[in-house]
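Q: A single structure is presented below for examination.
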Amino acid sequence: MSSVNVEGCDDWKMSEEGDEDDSSSGDRPNFALVTLQDTDEMMVMPSKWLNTDKTQCHWPPFRSPEKLTEAVRDGLEPPTAGKPWEMLNIVLHKEYDTFEEAIKKQEELKAQKDGMFAVVTLQESNELTVIPVNWLKTQCYWPPFKTPKKCLEAVKNRLEPIKRKSPWELVNMDLHGEYATYQQAKEKQEAISEQMERPSTSLKTNNPSTPQTPCSTQTFGVKRKCDKSPDITVQPLLTTDMDPKKKSKKIMEDIKEKVQAIQDTDPTFTTIKAHILDAISKMNEDTRKKETIGIFGRTGEGKSSLLNAVLGDQFLLPSGGFGACTAVITEVEANLNDSNYIAEIEFISKEEWDEEFALSDKEEANELTEMTKERITALFGAEAEEKTLEELKRDDKYKDIFNVLSTGKKIISSSDSSAFASNVVCYLENNLANPGGCFWPLVKSVTIKIPNRRELLEQIVLIDLPGTGDYDKIRDDLWKTKIRECSAVWIVSDIKRAITDRNPWGILEHCIEDLGPGGECKHINFICTKTDDMKPAEYLKSVRLTEAQISGQGLDVKTKCILHRNDLAQKTITEKLQSSKSEESKERFITDVFTVSSTAFFDPELKLKNVDTEIPKLRDILINQNKSINQQLTRDYINEAKGILSLIQSIQLDKDKTMELQTNLEKNLKLLDDNFEGLYEKLKRCLSKGVEESVRSCVKTTQDMLSSVRPKSNRGFHRIFRAMCERGGFYWPKKWNEPLDLNKCLSKHMYDNINKEFVLMFPVDVNDKTEKSMQDKLDKFSIILPTSPMLHPVHIFIQTQETKLKASLSRVIVEKKKEIYSTIYTAIERKMAPGYEKAALEKGEGSMQNMEEVIMKTINELKPQMFNEAKVEMLEMFNNLKMRIMNTLESELKTSVKRSLSQISKFNLLDVSREIQELDKLSAAV
Ligand SMILES: Nc1nc2c(ncn2[C@@H]2O[C@H](COP(=O)(O)OP(=O)(O)OP(=O)(O)O)[C@@H](O)[C@H]2O)c(=O)[nH]1
Ligand SMILES: [Mg+2]
């Protein structure tokens, strides 16, 4: 079939010149811009050729372009006598009053579709520039002109590249997008360079050249009626390089502009306008916190080296040589704002420092003094340990320290990673080779922000959590807080130790409950490090194999052994992890095993293929996790955007429906209340059992625990016990694998009784949501009844508001459940505090026995109320959470219902149906 299409539009224009347009009379538009579905040709035709639902058109039987042109221009009536007309499937873009308008639009759309200019970055010189698309190939052509003027002319005139005589250069480039006009490409170029300077801010989408449609200033009001919807097709099309989130952001920015531009003094209109603008602004408030991955491992196992490898910067974090180790909790995240490496160093307060120092003064010989000595040497130098505290206080360095502490925080920033690393090392590392040059005893925590790692860290924070127990009280508390934040954990262990260790959970054993019911950890990766550390002969002997018996044709014997051991380690550790998973506290974690070499990743001499170092695998985990979080954020954003557009699109609901929404809200809140009450009662029953058991057994349990940790000779135990009392019931001696935690021991029976139900009540993973969970009850709450398959726009708006609200409340539940869980521990810690203080005062001979007696007496005195009070506190916290959820739902949804009902216009305020369609397409693409 031949047809007149956009390719022939020049002929069309010629034929239309000089012709009088007599077709613009009458009310209805006369010409339609359509795409023929079978051939994908865009063209203009008389509106009268369209069928009633505008999905098909009549097509005349003419072959010659002249005759076809004439038929279109004259609006020939179908069908003519003689040959019958065909029916063709079409997609209607829009109808216009005049032929000229329709043709103009067709040209614009065609130009946008094809793209005339492109924005590119020239790779070699990193210049962002605009070029005509006819210069594009996989590389791009570049003209030999020297003067900027001549170059610019070549671009604007879309000069054809000369490929034979005096050929143009071919240069490597990255394409950002194609645009209809030079002006649009220039605007895009500016937006990109602005974005490059400030990558975290959203793209500037305000397009001054966007024509204001006459309709948009008239339709958004309650008094005027406008039959025409705003012409959104004249907006520049969204460019292909934008991701769905940016595209939907742009849509909403444009809508915001349109709404802002509408002037009307009608009070109802003003309220609606304010509501809509407010709702759009709130969309950009991202309250989600980043996901935290905690890196656990004993000293020297390779945590810092692993982080460096994953981040691709070998010397970023100090990794131990002789006598050096990371001494402070270090958080690593992406710098999304500029290209600097930044360290934010938080110091302990002056009061905390005084307390630590005063504590040091009280300490007796040996172990604690060892710790104090280490700190003093780190800060004041090797000779300082001989000095008294008073002498140290007179030291100039002491004044310096006091000055440092009074600043509270220090920021180090540098664009060069090695300069940055050498400036920051003295705050992170305990280095025996650098006495007097380390500041770690003053540092509470360090946050490092690194540039160009958006792909890995945009939504993720990695925390190096040295867990060896030579902290003070402040950092112990911080450590406990941080582990509750981890959504995943990497246990790092030297491969040799990992294979022989009986319990791979070792390092986590004492805090498994803080990660599980008390935290939000879902995933545990077990990472065996230093796989390149291999002596083949020794290894082959130990596994009783010969070189010929292990696979790996063409590989040298060392690599073969490395790969063989990796395989073995993966199998053995997976088995060990699985077998201990039968314990309830561990069964909910997903576990994976990796075998990595950070050294071989950077050192090609070690001849281990990149893939075999398994660093790329860990990177992929981060990349995929970022992607999935971003996808979720995009889905949430689009959902919310659709809700707001539905509100704009909506017409008034009838009175009955209005009442229905209000009644549903009340009814469903009541239902939710009943459901939560059920959970409350269940928790109460478990707690009561826990109280009973605690009162009955706490003394014995405490005695048993103390005898299990007390060294046979009792040597030195009194110092550890005193330190525990001085620190409120928790102390982690340096050489112990886990802390001495009396509060944990006292709360054991309570936790044992609630753990199972608590985990079901508060899952951290959506996939673990059970009927018994608070999140499930919340999910089922809705004031939109699933009766009709076709929802009214007001309903869609309310539904999307509900979804957003429920998602944010689900996050509140996970946050709050951690606090709820820890109430038992903190209540017991608080009640026991006077007892600990009293015990710590016991000095001299027999002090161990006296301290213990004080503690046991305190427990005996407190047990009749202490556990019950902890139960009451926990239930109160549960109730507070319940009330917060109910109140938020009630107030927010009441506002949403009110908002949607204030749309009293009988007419569309602004026709945003195209934008809604666009959002539908975008959400399908996410
Ligand atoms: N051969 C080999 N050595 C490694 C590897 N990773 C780390 N090491 C070495 O192991 C030692 C300790 O590494 P770190 O990364 O500092 O260990 P860490 O776990 O951060 O130690 P702390 O900071 O003390 O908690 C250093 O001497 C590293 O060079 C590896 O993949 N192969
Ligand atoms: Mg380290």
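Each chain in the structure tokens gets a letter, A, B and so on, in the order shown; residues start at 1 in every chain, and ligands are counted from 1 in the order they appear.
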Step by step, measure atom-to-atom distances between ligand 2 and each residue using only C-alpha atoms and all ligand atoms, keep those at most 7 Å, then write them as a PyMOL selection string.

A: chain A and resi 299-300+302-304+318-320+325-326

Q: Excluding stretch 836-848 of chain A and its own-chain neighbours fewer than 2 positions away, which residues fall within 12 Å of it when counting only C-alpha atoms? Please give them as an MDAnalysis selection string.

A: chainID A and resid 359 362:364 710 714:730 742:743 828:834 850:859

Q: Just checking: using only C-alpha atoms, which residue out of A:Phe347, A:Trp505, A:Phe380, A:Phe296 ends up closest to A:Val443?

A: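 The closest residue to A:Val443 is A:Phe347.
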
Q: Do a neighbour search on stretch 631-646 of chain A at 6 Å with only C-alpha atoms, toss out local chain neighbours closer than 4 positions, and write the hits as an mmCIF file with N, CA and C atoms, in the first residue's frame.

A:
data_model
loop_
_atom_site.group_PDB
_atom_site.id
_atom_site.type_symbol
_atom_site.label_atom_id
_atom_site.label_comp_id
_atom_site.auth_asym_id
_atom_site.auth_seq_id
_atom_site.Cartn_x
_atom_site.Cartn_y
_atom_site.Cartn_z
ATOM 1 N N LYS A 245 13.205 6.948 37.031
ATOM 2 C CA LYS A 245 12.987 7.862 38.165
ATOM 3 C C LYS A 245 13.148 9.304 37.704
ATOM 4 N N SER A 650 -8.894 14.010 38.942
ATOM 5 C CA SER A 650 -10.169 13.526 39.463
ATOM 6 C C SER A 650 -11.296 14.537 39.356
ATOM 7 N N PRO A 793 -10.431 7.866 39.984
ATOM 8 C CA PRO A 793 -9.144 8.524 40.250
ATOM 9 C C PRO A 793 -8.934 8.905 41.717
ATOM 10 N N ILE A 796 -7.743 5.919 43.377
ATOM 11 C CA ILE A 796 -6.335 5.632 43.039
ATOM 12 C C ILE A 796 -5.428 6.530 43.875
ATOM 13 N N PHE A 797 -5.808 7.781 43.997
ATOM 14 C CA PHE A 797 -4.994 8.706 44.796
ATOM 15 C C PHE A 797 -4.876 8.203 46.234
ATOM 16 N N THR A 800 -2.686 5.097 46.519
ATOM 17 C CA THR A 800 -1.237 5.322 46.437
ATOM 18 C C THR A 800 -0.718 5.996 47.702
#

Q: Near stretch 590-594 of chain A, counting only C-alpha atoms, which residues have an atom at most 8 Å away, once you skip same-chain residues fewer than 4 positions from it, shown as a list in words?

A: Lys522, His523, Ile524, Asn525, Phe526, Ile527, Cys528, Gln570, Ile573, Thr574, Leu577 and Glu614 of chain A

Q: Residues of stretch 718-914 of chain A in alpha helix (DSSP H) according to DSSP, as a VMD selection string?

A: chain A and resid 718 to 726 742 to 761 774 to 780 793 to 840 847 to 901 913 to 914

Q: Excluding same-chain residues fewer than 4 positions from A:Gln775, what lies within 8 Å of it counting only C-alpha atoms, as a list in words?

A: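 The neighbour list is Phe762, Pro763, Lys769, Asp779, Ser810 and Ile813 of chain A.
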
Q: Using all heavy atoms, can you export the residues from the last selection as a tab-separated table (two decimals), in the first residue's frame?

A:
chain	number	residue	atom	x	y	z
A	762	PHE	N	7.72	-9.51	64.16
A	762	PHE	CA	8.45	-8.40	63.55
A	762	PHE	C	9.50	-8.88	62.55
A	762	PHE	O	10.70	-8.76	62.81
A	762	PHE	CB	9.17	-7.57	64.62
A	762	PHE	CG	8.25	-6.91	65.58
A	762	PHE	CD1	8.14	-7.37	66.88
A	762	PHE	CD2	7.51	-5.80	65.22
A	762	PHE	CE1	7.30	-6.76	67.79
A	762	PHE	CE2	6.67	-5.17	66.12
A	762	PHE	CZ	6.56	-5.65	67.41
A	763	PRO	N	9.13	-9.45	61.42
A	763	PRO	CA	10.16	-9.88	60.47
A	763	PRO	C	10.84	-8.66	59.85
A	763	PRO	O	10.22	-7.58	59.78
A	763	PRO	CB	9.35	-10.63	59.41
A	763	PRO	CG	7.99	-10.07	59.51
A	763	PRO	CD	7.78	-9.63	60.92
A	769	LYS	N	7.37	-12.20	55.84
A	769	LYS	CA	6.14	-11.70	56.46
A	769	LYS	C	5.17	-12.86	56.70
A	769	LYS	O	4.87	-13.63	55.80
A	769	LYS	CB	5.49	-10.71	55.49
A	769	LYS	CG	5.06	-9.44	56.17
A	769	LYS	CD	4.36	-8.54	55.22
A	769	LYS	CE	5.30	-7.67	54.44
A	769	LYS	NZ	4.64	-6.87	53.41
A	779	ASP	N	-0.41	-4.31	56.29
A	779	ASP	CA	-0.58	-4.48	54.85
A	779	ASP	C	-2.05	-4.67	54.47
A	779	ASP	O	-2.50	-4.22	53.43
A	779	ASP	CB	0.17	-5.74	54.38
A	779	ASP	CG	1.53	-5.38	53.89
A	779	ASP	OD1	1.90	-4.20	54.03
A	779	ASP	OD2	2.23	-6.28	53.40
A	810	SER	N	6.07	0.61	57.79
A	810	SER	CA	6.78	-0.68	57.92
A	810	SER	C	8.22	-0.44	58.35
A	810	SER	O	8.79	-1.20	59.13
A	810	SER	CB	6.80	-1.42	56.59
A	810	SER	OG	5.58	-2.02	56.39
A	813	ILE	N	8.23	0.33	61.93
A	813	ILE	CA	8.07	-0.90	62.74
A	813	ILE	C	9.43	-1.55	62.97
A	813	ILE	O	9.78	-1.90	64.09
A	813	ILE	CB	7.09	-1.89	62.06
A	813	ILE	CG1	5.68	-1.31	62.07
A	813	ILE	CG2	7.11	-3.24	62.76
A	813	ILE	CD1	4.64	-2.17	61.37

Q: Just the residues within 9 Å of A:Glu385, please, counting only C-alpha atoms, with nothing from its chain fewer than 5 positions along; format it as a PyMOL selection string.

A: chain A and resi 372-374+376-377+380
